[in-house]
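A.B. asks: Sharing run-v8.cif (mmCIF, C-alpha atoms and all ligand atoms) below.
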data_upload
loop_
_atom_site.label_atom_id
_atom_site.label_comp_id
_atom_site.auth_asym_id
_atom_site.auth_seq_id
_atom_site.Cartn_x
_atom_site.Cartn_y
_atom_site.Cartn_z
CA MET Z 16 17.56 -19.92 30.80
CA LYS Z 17 14.76 -18.92 28.44
CA ALA Z 18 15.95 -17.27 25.22
CA ILE Z 19 14.69 -16.36 21.77
CA VAL Z 20 16.85 -17.83 19.00
CA VAL Z 21 16.98 -17.55 15.22
CA SER Z 22 18.58 -19.99 12.80
CA ASP Z 23 16.94 -19.31 9.40
CA GLU Z 24 17.94 -16.06 7.72
CA THR Z 25 15.15 -16.28 5.15
CA ALA Z 26 12.42 -16.55 7.80
CA GLY Z 27 12.95 -13.04 9.22
CA THR Z 28 11.49 -12.27 12.64
CA ALA Z 29 8.80 -14.94 12.08
CA GLY Z 30 11.59 -17.54 12.48
CA MET Z 31 12.17 -16.60 16.13
CA THR Z 32 11.61 -19.42 18.63
CA LEU Z 33 11.60 -19.50 22.42
CA VAL Z 34 13.97 -22.19 23.71
CA ASP Z 35 15.90 -23.29 26.80
CA ARG Z 36 19.59 -22.50 26.64
CA PRO Z 37 22.45 -22.82 29.14
CA GLU Z 38 23.28 -19.56 30.92
CA PRO Z 39 26.33 -17.91 29.29
CA PRO Z 40 29.66 -18.13 31.17
CA PRO Z 41 31.55 -14.84 31.69
CA ALA Z 42 34.75 -14.49 29.61
CA ILE Z 43 37.64 -12.20 30.62
CA ASN Z 44 36.34 -8.62 31.06
CA ASP Z 45 32.75 -9.86 30.79
CA VAL Z 46 29.81 -9.14 33.00
CA ILE Z 47 26.80 -11.41 33.38
CA VAL Z 48 23.62 -9.35 33.45
CA GLN Z 49 20.26 -10.70 34.50
CA ILE Z 50 18.14 -8.95 31.91
CA HIS Z 51 14.98 -7.19 33.06
CA ALA Z 52 14.08 -5.58 29.74
CA SER Z 53 15.38 -5.86 26.18
CA GLY Z 54 15.12 -3.69 23.08
CA PHE Z 55 15.09 -4.97 19.51
CA VAL Z 56 15.60 -3.21 16.15
CA PRO Z 57 13.15 -4.57 13.54
CA THR Z 58 15.86 -4.86 10.85
CA GLU Z 59 18.22 -7.11 12.88
CA MET Z 60 17.50 -10.15 10.71
CA GLU Z 61 19.08 -8.26 7.79
CA TRP Z 62 22.40 -7.68 9.61
CA SER Z 63 25.17 -10.18 8.83
CA SER Z 64 26.29 -10.00 12.47
CA THR Z 65 23.05 -11.74 13.48
CA TRP Z 66 24.22 -14.84 11.58
CA THR Z 67 28.01 -14.97 11.75
CA ASP Z 68 30.92 -14.25 14.05
CA ARG Z 69 33.66 -11.75 13.19
CA LEU Z 70 35.40 -14.27 10.92
CA GLY Z 71 32.21 -14.88 8.95
CA ARG Z 72 31.59 -18.30 10.51
CA ASP Z 73 28.02 -19.39 11.10
CA ARG Z 74 27.01 -18.77 14.72
CA THR Z 75 23.39 -19.88 14.60
CA PRO Z 76 21.23 -20.50 16.48
CA SER Z 77 21.91 -16.97 17.70
CA ILE Z 78 20.06 -14.83 20.23
CA PRO Z 79 18.96 -11.45 18.77
CA GLY Z 80 18.41 -8.18 20.66
CA HIS Z 81 21.25 -5.76 21.37
CA GLU Z 82 20.09 -3.42 24.10
CA LEU Z 83 19.30 -4.19 27.68
CA ALA Z 84 18.54 -2.99 31.15
CA GLY Z 85 19.15 -5.31 34.07
CA VAL Z 86 21.20 -6.22 37.13
CA VAL Z 87 24.79 -7.50 37.27
CA THR Z 88 24.96 -11.04 38.71
CA ALA Z 89 28.57 -12.12 38.04
CA LEU Z 90 31.91 -10.78 36.78
CA GLY Z 91 34.51 -12.46 34.58
CA TYR Z 92 38.21 -12.59 35.42
CA GLY Z 93 39.74 -9.11 35.49
CA THR Z 94 36.47 -7.25 35.03
CA THR Z 95 36.42 -3.80 36.63
CA GLY Z 96 34.14 -0.78 36.65
CA VAL Z 97 30.85 -2.49 37.56
CA SER Z 98 29.80 -4.50 40.61
CA VAL Z 99 27.49 -7.40 41.35
CA GLY Z 100 24.01 -6.13 42.19
CA GLN Z 101 24.41 -2.93 40.17
CA ARG Z 102 21.59 -1.76 37.86
CA VAL Z 103 22.92 -1.21 34.34
CA LEU Z 104 21.90 -0.49 30.77
CA GLY Z 105 23.90 -1.04 27.63
CA LEU Z 106 24.53 -1.97 24.05
CA ALA Z 107 25.48 -5.61 23.41
CA ASP Z 108 28.12 -6.76 20.92
CA TRP Z 109 26.62 -7.26 17.42
CA HIS Z 110 28.48 -10.55 16.88
CA ARG Z 111 27.63 -12.26 20.18
CA ASP Z 112 24.44 -13.68 21.63
CA GLY Z 113 22.12 -10.82 22.51
CA THR Z 114 19.52 -9.68 24.95
CA LEU Z 115 16.25 -11.51 24.16
CA ALA Z 116 17.14 -13.89 26.97
CA GLU Z 117 17.19 -14.07 30.75
CA TYR Z 118 20.99 -13.55 30.93
CA VAL Z 119 23.69 -12.12 28.67
CA ALA Z 120 27.50 -12.12 28.80
CA ILE Z 121 28.64 -8.63 27.82
CA GLU Z 122 31.86 -6.64 28.11
CA ALA Z 123 31.88 -4.20 31.01
CA ARG Z 124 32.77 -1.28 28.73
CA ASN Z 125 29.42 -1.72 26.96
CA LEU Z 126 27.48 -0.95 30.15
CA ALA Z 127 26.58 2.21 32.04
CA PRO Z 128 24.88 2.63 35.45
CA LEU Z 129 21.08 2.79 35.39
CA PRO Z 130 19.88 5.05 38.22
CA GLY Z 131 17.29 3.55 40.60
CA ASP Z 132 14.58 5.98 39.48
CA VAL Z 133 14.72 4.93 35.81
CA ASP Z 134 12.53 1.93 35.02
CA PHE Z 135 14.15 -1.06 33.30
CA THR Z 136 11.67 -0.79 30.39
CA VAL Z 137 12.73 2.81 29.81
CA GLY Z 138 16.41 1.89 30.19
CA ALA Z 139 16.17 -0.84 27.55
CA SER Z 140 14.66 1.59 25.03
CA LEU Z 141 17.59 4.02 25.14
CA PRO Z 142 20.96 2.52 24.14
CA ILE Z 143 20.60 2.07 20.36
CA SER Z 144 18.24 4.90 19.51
CA GLY Z 145 19.79 7.34 22.01
CA LEU Z 146 23.44 6.65 21.16
CA THR Z 147 22.76 6.59 17.41
CA ALA Z 148 21.06 9.98 17.56
CA TRP Z 149 23.78 11.44 19.81
CA GLN Z 150 26.70 10.19 17.71
CA GLY Z 151 25.05 11.11 14.40
CA LEU Z 152 24.23 14.65 15.48
CA PHE Z 153 27.27 15.59 17.53
CA ASP Z 154 30.20 13.27 16.67
CA HIS Z 155 29.56 12.83 12.95
CA GLY Z 156 27.26 15.76 12.12
CA ARG Z 157 29.08 18.34 14.30
CA LEU Z 158 25.77 20.07 14.94
CA ARG Z 159 25.85 23.61 16.32
CA ALA Z 160 23.11 25.83 17.74
CA GLY Z 161 21.31 27.80 15.05
CA GLN Z 162 21.77 25.16 12.34
CA SER Z 163 18.87 23.36 10.67
CA VAL Z 164 18.36 19.60 10.70
CA LEU Z 165 16.19 17.45 8.45
CA ALA Z 166 15.27 14.56 10.78
CA HIS Z 167 13.85 11.69 8.73
CA GLY Z 168 11.48 9.20 10.36
CA ALA Z 169 10.98 11.67 13.21
CA ALA Z 170 8.28 9.56 14.88
CA GLY Z 171 10.47 6.43 14.80
CA ALA Z 172 12.89 5.09 17.40
CA VAL Z 173 16.04 6.89 16.24
CA GLY Z 174 14.27 9.85 14.60
CA SER Z 175 12.38 10.82 17.77
CA MET Z 176 15.71 10.97 19.67
CA VAL Z 177 17.33 12.95 16.84
CA THR Z 178 14.44 15.43 16.90
CA GLN Z 179 14.58 15.97 20.66
CA LEU Z 180 18.39 16.18 20.98
CA ALA Z 181 18.71 18.54 18.00
CA ASP Z 182 15.93 20.74 19.37
CA GLU Z 183 17.62 20.86 22.78
CA ALA Z 184 20.93 21.76 21.11
CA GLY Z 185 19.31 24.85 19.61
CA ALA Z 186 18.81 23.60 16.07
CA TYR Z 187 15.79 24.21 13.85
CA VAL Z 188 14.30 20.74 13.26
CA ILE Z 189 12.25 19.70 10.26
CA GLY Z 190 10.83 16.25 10.93
CA THR Z 191 9.63 13.84 8.23
CA GLY Z 192 7.62 10.65 8.05
CA ARG Z 193 4.23 9.36 7.01
CA ALA Z 194 1.10 11.52 7.19
CA ALA Z 195 -0.02 9.85 10.44
CA ASP Z 196 3.28 10.81 12.13
CA ARG Z 197 2.84 14.59 11.88
CA GLN Z 198 1.56 15.31 15.39
CA LYS Z 199 3.93 12.86 17.04
CA ALA Z 200 6.94 14.47 15.32
CA LEU Z 201 5.78 17.96 16.30
CA ASP Z 202 5.26 16.77 19.89
CA PHE Z 203 8.86 15.53 19.98
CA GLY Z 204 10.01 19.05 19.10
CA ALA Z 205 10.07 19.32 15.30
CA GLN Z 206 9.25 22.87 14.22
CA GLU Z 207 7.96 21.70 10.83
CA PHE Z 208 6.87 18.38 9.36
CA VAL Z 209 7.18 16.99 5.84
CA ASP Z 210 4.83 14.15 4.91
CA LEU Z 211 7.13 12.19 2.61
CA GLU Z 212 4.24 10.62 0.72
CA ASN Z 213 2.33 13.82 -0.02
CA ASP Z 214 4.53 16.90 0.45
CA ALA Z 215 7.45 18.01 -1.75
CA LEU Z 216 10.76 17.57 0.07
CA LYS Z 217 12.37 20.29 -2.05
CA ASP Z 218 10.04 22.89 -0.50
CA VAL Z 219 12.10 22.55 2.69
CA GLY Z 220 14.81 24.75 1.13
CA GLY Z 221 18.38 24.45 2.44
CA VAL Z 222 19.45 22.57 5.58
CA ASP Z 223 22.79 22.12 7.35
CA LEU Z 224 22.36 18.50 8.40
CA VAL Z 225 20.30 15.61 7.04
CA PHE Z 226 19.87 12.67 9.44
CA ASP Z 227 18.87 9.80 7.16
CA VAL Z 228 17.22 6.64 8.54
CA ILE Z 229 15.50 5.61 5.29
CA GLY Z 230 18.02 5.66 2.39
CA GLY Z 231 17.20 5.24 -1.32
CA ASP Z 232 15.46 7.97 -3.23
CA ILE Z 233 14.62 9.94 -0.07
CA GLN Z 234 18.33 10.07 0.78
CA LYS Z 235 19.18 11.24 -2.73
CA ARG Z 236 16.58 14.00 -2.74
CA SER Z 237 17.70 15.09 0.73
CA ALA Z 238 21.38 15.34 -0.22
CA SER Z 239 20.58 18.03 -2.74
CA LEU Z 240 19.06 20.21 0.01
CA ILE Z 241 22.31 20.41 2.00
CA ARG Z 242 23.93 23.84 2.18
CA ALA Z 243 27.64 24.39 1.50
CA GLY Z 244 29.67 22.91 4.36
CA GLY Z 245 26.76 20.77 5.55
CA THR Z 246 26.57 17.03 6.22
CA LEU Z 247 24.51 14.02 5.22
CA VAL Z 248 24.58 11.52 8.09
CA THR Z 249 23.09 8.14 7.26
CA ILE Z 250 22.63 5.03 9.39
CA VAL Z 251 21.38 2.67 6.67
CA GLY Z 252 24.67 1.81 4.96
CA PRO Z 253 27.14 3.49 2.63
CA PRO Z 254 25.54 6.62 1.13
CA ASP Z 255 24.23 6.54 -2.45
CA ALA Z 256 24.26 10.33 -2.60
CA ARG Z 257 26.57 13.15 -1.52
CA PRO Z 258 25.98 16.84 -0.95
CA ALA Z 259 27.49 18.97 -3.72
CA ASP Z 260 29.67 20.86 -1.23
CA GLY Z 261 29.67 18.93 2.02
CA LEU Z 262 30.28 15.61 3.72
CA ALA Z 263 28.43 12.30 3.57
CA VAL Z 264 28.99 10.06 6.60
CA ASP Z 265 27.64 6.61 7.39
CA PHE Z 266 28.33 4.95 10.70
CA VAL Z 267 27.33 2.14 13.04
CA VAL Z 268 26.51 3.10 16.61
CA GLU Z 269 29.13 2.32 19.25
CA SER Z 270 28.96 1.84 22.99
CA ASP Z 271 29.86 4.92 24.97
CA ARG Z 272 29.39 4.98 28.73
CA ALA Z 273 29.65 8.76 29.07
CA GLN Z 274 27.13 9.40 26.30
CA LEU Z 275 24.72 6.83 27.80
CA GLY Z 276 25.04 8.74 31.06
CA GLU Z 277 24.12 12.00 29.29
CA ILE Z 278 21.10 10.34 27.68
CA VAL Z 279 19.86 8.76 30.92
CA GLN Z 280 20.25 12.08 32.76
CA ARG Z 281 18.09 13.80 30.14
CA VAL Z 282 15.39 11.17 30.59
CA ARG Z 283 15.48 11.69 34.36
CA ASP Z 284 15.14 15.46 34.18
CA GLY Z 285 12.48 15.39 31.45
CA ARG Z 286 14.53 16.81 28.55
CA LEU Z 287 14.21 13.51 26.65
CA ARG Z 288 11.08 11.39 26.25
CA THR Z 289 11.22 7.73 25.30
CA ASN Z 290 9.26 6.37 22.36
CA ILE Z 291 7.95 3.04 23.63
CA GLY Z 292 5.08 1.25 21.91
CA ASP Z 293 4.21 -2.30 22.91
CA VAL Z 294 5.69 -3.97 26.00
CA ALA Z 295 5.49 -7.79 26.00
CA THR Z 296 6.88 -10.67 28.06
CA LEU Z 297 9.55 -13.05 26.76
CA ASP Z 298 6.85 -15.72 26.39
CA ASP Z 299 4.88 -13.37 24.10
CA ALA Z 300 7.93 -11.84 22.38
CA VAL Z 301 7.67 -13.64 19.03
CA GLY Z 302 4.13 -12.34 18.49
CA ALA Z 303 5.00 -8.85 19.73
CA LEU Z 304 8.01 -8.63 17.39
CA ASN Z 305 5.83 -9.70 14.44
CA PRO Z 306 2.99 -7.17 14.80
CA SER Z 307 -0.01 -7.35 12.49
CA GLU Z 308 -0.38 -3.56 12.63
CA ARG Z 309 2.04 -0.68 12.14
CA ARG Z 310 4.34 -0.12 15.13
CA ASN Z 311 3.78 3.04 17.12
CA GLY Z 312 7.08 3.29 19.00
CA LYS Z 313 9.71 0.82 20.06
CA THR Z 314 8.66 -2.67 21.17
CA ILE Z 315 10.27 -3.61 24.49
CA ILE Z 316 10.41 -7.15 25.83
CA ARG Z 317 10.07 -7.17 29.60
CA ILE Z 318 12.03 -10.26 30.62
CA ARG Z 319 11.42 -10.01 34.40
CA ALA Z 320 8.30 -8.51 35.94
N1 LIG S 1 23.80 2.38 11.73
C1 LIG S 1 23.34 2.27 12.96
O1 LIG S 1 24.09 2.31 13.92
C2 LIG S 1 21.86 2.11 13.20
C3 LIG S 1 21.35 2.25 14.50
C4 LIG S 1 19.97 2.15 14.69
C5 LIG S 1 19.13 1.91 13.61
N2 LIG S 1 19.68 1.76 12.37
C6 LIG S 1 18.80 1.56 11.20
O2 LIG S 1 18.05 2.75 11.02
C7 LIG S 1 16.76 2.45 10.51
C8 LIG S 1 15.70 3.08 11.39
O3 LIG S 1 15.73 2.45 12.67
P1 LIG S 1 14.61 2.79 13.76
O4 LIG S 1 14.84 1.87 14.89
O5 LIG S 1 14.56 4.26 14.02
O6 LIG S 1 13.29 2.33 12.95
P2 LIG S 1 11.79 2.82 13.15
O7 LIG S 1 11.47 2.99 14.60
O8 LIG S 1 10.95 1.90 12.34
O9 LIG S 1 11.78 4.30 12.52
C9 LIG S 1 11.80 4.57 11.14
C10 LIG S 1 10.72 5.60 10.86
O10 LIG S 1 10.83 6.05 9.50
C11 LIG S 1 9.58 5.86 8.86
N3 LIG S 1 9.78 5.57 7.44
C12 LIG S 1 10.52 4.58 6.91
N4 LIG S 1 10.46 4.61 5.56
C13 LIG S 1 9.63 5.63 5.24
C14 LIG S 1 9.17 6.19 4.02
N5 LIG S 1 9.52 5.67 2.84
N6 LIG S 1 8.34 7.26 4.07
C15 LIG S 1 7.97 7.77 5.26
N7 LIG S 1 8.37 7.31 6.45
C16 LIG S 1 9.20 6.25 6.44
C17 LIG S 1 8.97 4.66 9.56
O11 LIG S 1 7.60 4.55 9.32
P3 LIG S 1 6.97 3.06 9.07
O12 LIG S 1 7.11 2.35 10.38
O13 LIG S 1 5.58 3.31 8.67
O14 LIG S 1 7.81 2.44 7.97
C18 LIG S 1 9.32 4.99 11.02
O15 LIG S 1 8.46 5.94 11.58
C19 LIG S 1 16.70 0.93 10.41
O16 LIG S 1 17.02 0.56 9.09
C20 LIG S 1 17.78 0.46 11.36
O17 LIG S 1 18.33 -0.79 11.02
C21 LIG S 1 21.00 1.84 12.14
#
Re-express the file's structure as structure tokens.
C.D. replies:
Amino acid sequence: MKAIVVSDETAGTAGMTLVDRPEPPPAINDVIVQIHASGFVPTEMEWSSTWTDRLGRDRTPSIPGHELAGVVTALGYGTTGVSVGQRVLGLADWHRDGTLAEYVAIEARNLAPLPGDVDFTVGASLPISGLTAWQGLFDHGRLRAGQSVLAHGAAGAVGSMVTQLADEAGAYVIGTGRAADRQKALDFGAQEFVDLENDALKDVGGVDLVFDVIGGDIQKRSASLIRAGGTLVTIVGPPDARPADGLAVDFVVESDRAQLGEIVQRVRDGRLRTNIGDVATLDDAVGALNPSERRNGKTIIRIRA
């Protein structure tokens, strides 16, 4: 099969190469999926799981990409819950070969059905950004209607999902980002926008939940805005800052079939819009994942036409 591999941690995404690899065999509880479209998070080359297995042993050359939409072609011994020929989407294991390839071996529990009226390109854009937003807002942030949310990077992949889901849940959403992102964040449902390079974050006043996708100084300044009993949720590693009277939570997104179902249903009925930028083929993936200009939405690699 054709696959993108990486073997040099210092080379970043520029070190990606398109190679021929054997198709992966299904292990117990695995599913083989013929991938139609794959998502990629631009920071994957910084994750240790891209380079090692769970015991810290080198696993290069490894295949990056951890979200997919495709069709089941084979099942491993004992695998239940999905069938050959079924359309699926899902979140691949961080420590195994990923989805920038024609086939992936993935545990059945990491997959959810993809309805026939949802395009594979759309399906591949949802697992990481959708599940991260869902889990950060509702599982970790315990968001309730009427609360206020500071959604950082609101025009980005995760932030645009956070903005829409929080808005739908009845929260007041203040989006942030660069000056050029203002209209996009407002279109995704933010009631206000803070240009992090030109506006004063402190003018926001108090908020109940900060959803941090940036970290550093912006995280620190945001923590001080959190009202008593509120929460800082961050997805960029252990928090450097804590609210004076509240919780600070960092987490890594997990597969959840029921939550993926909720997200896909919202896309189908129009409550949730995807944030897709460039769509490229596997042959053109290395160039597309190393853009010369700023990304405007998530890059999706369309593996099969
Ligand atoms: N823990 C988890 O489970 C998890 C899951 C998903 C993602 N993540 C992490 O979360 C981060 C965001 O992921 P993503 O896919 O949403 O990325 P993304 O699509 O690039 O979104 C990030 C957004 O924030 C903006 N931004 C970043 N730094 C900024 C700054 N200093 N001032 C103003 N705007 C700024 C970006 O603008 P520019 O493009 O101009 O920088 C972009 O619009 C990444 O570090 C990723 O690894 C973690």
A.B. asks: Residues within 9 Å of stretch 67-70 of chain Z, please, as a ChimeraX atom specification. Count all atoms listed in the file; anything in the same chain fewer than 6 positions from it doesn't count.
C.D. replies: /Z:77,109-111
A.B. asks: Write out as JSON lines the residues of chain Z that have any atom within 6 Å of an atom of ligand LIG 1 (chain S), one row each with the nearest atom pair and its distance in Å to one decimal, counting only C-alpha atoms and all ligand atoms, sorted by chain and then rising number.
C.D. replies:
{"residue": "Z:Val56", "atom": "CA", "partner": "S:LIG1", "partner_atom": "O4", "distance": 5.3}
{"residue": "Z:Thr58", "atom": "CA", "partner": "S:LIG1", "partner_atom": "O17", "distance": 4.8}
{"residue": "Z:Ile143", "atom": "CA", "partner": "S:LIG1", "partner_atom": "C4", "distance": 5.7}
{"residue": "Z:Ser144", "atom": "CA", "partner": "S:LIG1", "partner_atom": "C4", "distance": 5.8}
{"residue": "Z:Thr147", "atom": "CA", "partner": "S:LIG1", "partner_atom": "C3", "distance": 5.4}
{"residue": "Z:Gly168", "atom": "CA", "partner": "S:LIG1", "partner_atom": "O10", "distance": 3.3}
{"residue": "Z:Ala170", "atom": "CA", "partner": "S:LIG1", "partner_atom": "O15", "distance": 4.9}
{"residue": "Z:Gly171", "atom": "CA", "partner": "S:LIG1", "partner_atom": "O9", "distance": 3.4}
{"residue": "Z:Ala172", "atom": "CA", "partner": "S:LIG1", "partner_atom": "O7", "distance": 3.8}
{"residue": "Z:Val173", "atom": "CA", "partner": "S:LIG1", "partner_atom": "O5", "distance": 3.7}
{"residue": "Z:Gly174", "atom": "CA", "partner": "S:LIG1", "partner_atom": "O5", "distance": 5.6}
{"residue": "Z:Gly192", "atom": "CA", "partner": "S:LIG1", "partner_atom": "N7", "distance": 3.8}
{"residue": "Z:Arg193", "atom": "CA", "partner": "S:LIG1", "partner_atom": "C15", "distance": 4.4}
{"residue": "Z:Leu211", "atom": "CA", "partner": "S:LIG1", "partner_atom": "C15", "distance": 5.2}
{"residue": "Z:Val228", "atom": "CA", "partner": "S:LIG1", "partner_atom": "C7", "distance": 4.7}
{"residue": "Z:Ile229", "atom": "CA", "partner": "S:LIG1", "partner_atom": "N4", "distance": 5.1}
{"residue": "Z:Ile250", "atom": "CA", "partner": "S:LIG1", "partner_atom": "N1", "distance": 3.7}
{"residue": "Z:Val251", "atom": "CA", "partner": "S:LIG1", "partner_atom": "C6", "distance": 5.3}
{"residue": "Z:Phe266", "atom": "CA", "partner": "S:LIG1", "partner_atom": "N1", "distance": 5.3}
{"residue": "Z:Val267", "atom": "CA", "partner": "S:LIG1", "partner_atom": "O1", "distance": 3.4}
{"residue": "Z:Val268", "atom": "CA", "partner": "S:LIG1", "partner_atom": "O1", "distance": 3.7}
A.B. asks: In Å to one decimal, how far is atom CA of Z:Gly276 from atom CA of Z:Asn44?
C.D. replies: 20.7 Å
A.B. asks: Restricting the calculation to only C-alpha atoms, which member of Z:Ala116, Z:Ala300, Z:Val264, Z:Leu275 is positioned closest to Z:Trp149?
C.D. replies: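 Once distances to Z:Trp149 are computed over only C-alpha atoms, the minimum belongs to Z:Leu275.
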A.B. asks: To one decimal place in Å, what is the distance between atom CA of Z:Asp227 and atom CA of Z:Asn213?
C.D. replies: 18.5 Å
A.B. asks: Pick out the residues sitting within 12 Å of Z:Glu183, and hand them over as an MDAnalysis selection string; count only C-alpha atoms, and ignore anything fewer than 2 positions along from it in its own chain.
C.D. replies: chainID Z and resid 149 152 158:161 176:181 185:188 203:205 281 285:287
A.B. asks: Kindly indicate which residue among Z:Asp298, Z:Glu308, Z:Asp108, Z:Glu61 lies nearest to Z:Arg124, using all atoms listed in the file for the distances.
C.D. replies: Z:Asp108
A.B. asks: To one decimal place, how far is atom CA of Z:Asp293 from atom CA of Z:Gly151 in Å?
C.D. replies: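 Atom CA of Z:Asp293 sits 26.2 Å away from atom CA of Z:Gly151.
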A.B. asks: List as a PyMOL selection string: which residues have an atom within 9 Å of (19.0, -18.9, 22.7), counting only C-alpha atoms?
C.D. replies: chain Z and resi 16-21+32-37+76-79+112-113+115-116
A.B. asks: Would you pick out the contacts of Z:Arg319 at 7 Å or less, using only C-alpha atoms, so that residues sharing its chain but fewer than 2 positions from it are not included, and give the list as a PyMOL selection string?
C.D. replies: chain Z and resi 51-52+317
A.B. asks: Using all atoms listed in the file, which residue out of Z:Lys217, Z:Gly244, Z:Gly100, Z:Arg288 lies closest to Z:Asp202?
C.D. replies: Z:Arg288
A.B. asks: Can you work out which one of Z:Thr191, Z:Thr75, Z:Thr88, Z:Thr249 has the shortest atom-to-atom distance to Z:Met31, counting all atoms listed in the file?
C.D. replies: Z:Thr75
A.B. asks: Just the residues within 9 Å of Z:Arg236, please, counting all atoms listed in the file, with nothing from its chain fewer than 3 positions along; format it as an MDAnalysis selection string.
C.D. replies: chainID Z and resid 216:217 231:233 239:240 256
A.B. asks: Edge lengths and centre in Å to one decimal, as JSON, of the axis-aligned box that encloses all listed atoms of stretch 114-131 of chain Z with 6 Å added on every side?
C.D. replies:
{"center_x": 24.5, "center_y": -4.5, "center_z": 32.4, "size_x": 28.5, "size_y": 31.1, "size_z": 28.4}
A.B. asks: Z:Val46: which residues within 8 Å, counting all atoms listed in the file, same-chain residues fewer than 6 positions away excluded, as a list in words?
C.D. replies: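 Residues near the query, excluding close chain neighbours: Val87, Thr88, Ala89, Leu90, Gly91, Thr94, Ala120, Ile121, Glu122 and Ala123 of chain Z.
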A.B. asks: Go ahead and find all residues with at least one atom no further than 12 Å from (11.9, -4.5, 32.0) in the file's coordinates, using all atoms listed in the file; report them as a PyMOL selection string.
C.D. replies: chain Z and resi 49-54+82-86+102-104+114-117+133-140+291+294-297+314-320
